[in-house]
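Colleague: A single structure is presented below for examination.
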Amino acid sequence: MKFYMAPMEGITGYIYRNAYHKYFLPADKYFTPFLSPAQNGELRTRDINDILPENNREIPLIPQLLSNRAEAFLKAAETLRQYGYQEVNLNLGCPSGTVAAKGKGAGFLSFPQELDRFLEKICRGLETIGMELSVKTRVGRKDKEEFGPLMEIYARYPIKELIIHPRVQKDFYKNSPDRECFALGMKKSPCPVCYNGDIVSLDSLNEIRRQFPGLDRVMIGRGLLAYPMLLEQLAEERGSRDEKADRKRLRAFHEEVYQGYLEIMSGDRNVLFKMKEMWSYLIQSFQEGTAYMKMIGKAKSRGEYEAAVSAVFCDLDLR
Ligand SMILES: Cc1cc2nc3c(=O)[nH]c(=O)nc-3n(C[C@H](O)[C@H](O)[C@H](O)COP(=O)(O)O)c2cc1C
């Protein structure tokens, strides 16, 4: 089984990816949080920083683009090509209201004819510049019945890999991933399919494996942020558990992310905001962390934040 780290806007940027990759079982692939090119296809400095080869030295990284304009998408892809990337991932899954209202991300799924024309143009353009396309999709905007026709469109294009998160846009992250829809995707897709959605433990992975014996790749987001040792557990590479060593690794990982943000971001407030977002998941690595999470959430200075984090590492048992 191959394991991919899901793109998570605001969290899995290069600082996080590198720290994760250093301390835990490396993922087989990492995807950048979506890069959103301007109308003329230019990428923001922040986005360029996230894909710079020197910021991703050991990382098998696939840049992801969020766009519904073929020209802008291709211009951005060309920039990525110049930085050495050979594959680009198209985001057809972002459920955010503002993104969907502009007909991007999962919002693009409401316009199958436009999507078809867009795919035709970008596939032609990508071939010219020598790049491959992978797609990360939800199964519709409002209704899973949209997925059959969408799969017919995808099947017409030379997509290298199709990552399916079987929820519709209006679900956001509620309800359960729809396994029937995923089964349809696996059946209809001429290219390899990757499952994404709610894998948080060996049990949840095994359930998916039992239902889809031919599946050989999964993407994991929140489960991995909540428990960075998860891939070791899933890959069954971990012998007996060494709680002391895990705690040490988690602490070193936290320190690396924290120092990384302190170096590149201006203002402690911004750094604390980022760290709190990471902790909203990471606290689940510990047992009974609710009160401690409140303390982290309330921290207004580096001193308060560091004290709250120390308390977590000193007081709490790992899950
Ligand atoms: C805070 C947050 C940010 C996300 N950012 C992105 C993104 O930039 N690109 C993308 O394709 N998906 C994004 N996703 C969706 C995840 O990649 C993934 O599809 C989703 O969380 C379901 O997988 P999971 O249940 O393993 O977390 C985001 C999800 C969350 C919760």
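The chains in the structure tokens are called A, B, ... from first to last as shown; in each chain the residues are counted from 1, and the ligands are counted from 1 in the order shown.
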Neighbours of ligand 1 within 9 Å, counting only C-alpha atoms and all ligand atoms, as a ChimeraX atom specification?
Modeller: /A:5-12,31-35,64-66,89-95,105,136-138,163-167,172-173,177,196-200,218-225,277
Colleague: I need the residues in segment 106-247 of chain A that are strand (DSSP E or B) according to DSSP; give them as a PyMOL selection string.
Modeller: chain A and resi 132-137+159-164+193-196+217-220
Colleague: Which residues are close to Pro63 of chain A, i.e. within 12 Å by only C-alpha atoms, leaving aside same-chain residues fewer than 2 positions away? Reply as a PyMOL selection string.
Modeller: chain A and resi 6-7+13-14+29-36+43+47-53+56+59-61+65-66+73+76-81+83-91+131-136
Colleague: Point out the residue among A:Leu318, A:Met293, A:Leu231, A:Met275 with the least atom-to-atom distance to Leu25 of chain A, counting only C-alpha atoms.
Modeller: A:Leu231
Colleague: Interatomic distance between atom CA of Asn18 of chain A and atom CA of Leu262 of chain A?
Modeller: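 Atom CA of Leu262 of chain A lies 15.2 Å from atom CA of Asn18 of chain A.
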Colleague: Hey, which of A:Lys144, A:Lys188, A:Lys102, A:Lys294 ends up closest to Asp171 of chain A? Count only C-alpha atoms.
Modeller: A:Lys144
Colleague: From the options A:Glu127, A:Glu120, A:Asp317, A:Glu152, which residue's atoms come nearest to Glu243 of chain A, counting only C-alpha atoms?
Modeller: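 That would be A:Asp317, the residue with the smallest distance to Glu243 of chain A.
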Colleague: Where in segment 26-142 of chain A does DSSP assign helix (DSSP H, G or I), given as number ranges by chain?
Modeller: A: 45-51, 53-55, 70-82, 97-101, 105-110, 112-129
Colleague: Determine the nearest neighbour of Lys274 of chain A from the options A:Gln287, A:Ser110, A:Gln169, A:Gln259, counting only C-alpha atoms.
Modeller: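 Closest to Lys274 of chain A of all the choices is A:Gln259.
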Colleague: Considering only C-alpha atoms, give me a table of residues in segment 167-271 of chain A that are at most 7 Å from segment 153-159 of chain A, with the closest atom pair and distance in Å for each, as a Markdown table.
Modeller:
```
| residue | atom | partner | partner_atom | distance |
| --- | --- | --- | --- | --- |
| A:Ser189 | CA | A:Ala155 | CA | 5.8 |
| A:Pro190 | CA | A:Ala155 | CA | 6.1 |
| A:Cys191 | CA | A:Ile159 | CA | 6.6 |
```
Colleague: Would you mind exporting all heavy atoms of the selected residues as a short mmCIF file (atom, residue, chain, number, x, y, z; two decimals), in the first residue's frame?
Modeller:
```cif
data_model
loop_
_atom_site.label_atom_id
_atom_site.label_comp_id
_atom_site.auth_asym_id
_atom_site.auth_seq_id
_atom_site.Cartn_x
_atom_site.Cartn_y
_atom_site.Cartn_z
N SER A 189 -12.50 4.03 -13.83
CA SER A 189 -11.28 4.78 -14.13
C SER A 189 -10.27 3.95 -14.90
O SER A 189 -9.90 2.86 -14.47
CB SER A 189 -10.63 5.27 -12.82
OG SER A 189 -9.42 5.91 -13.14
N PRO A 190 -9.80 4.48 -16.01
CA PRO A 190 -8.74 3.76 -16.73
C PRO A 190 -7.37 3.92 -16.04
O PRO A 190 -6.45 3.17 -16.33
CB PRO A 190 -8.72 4.41 -18.11
CG PRO A 190 -9.46 5.69 -17.99
CD PRO A 190 -10.24 5.69 -16.71
N CYS A 191 -7.26 4.89 -15.14
CA CYS A 191 -5.96 5.11 -14.49
C CYS A 191 -6.05 4.68 -13.03
O CYS A 191 -7.14 4.49 -12.48
CB CYS A 191 -5.57 6.59 -14.60
SG CYS A 191 -6.53 7.67 -13.55
#
```
Colleague: Contacts of Tyr20 of chain A at 9 Å or less, counting only C-alpha atoms, minus same-chain residues fewer than 4 places along, as a ChimeraX atom specification?
Modeller: /A:15-16,24-26,228,253,257
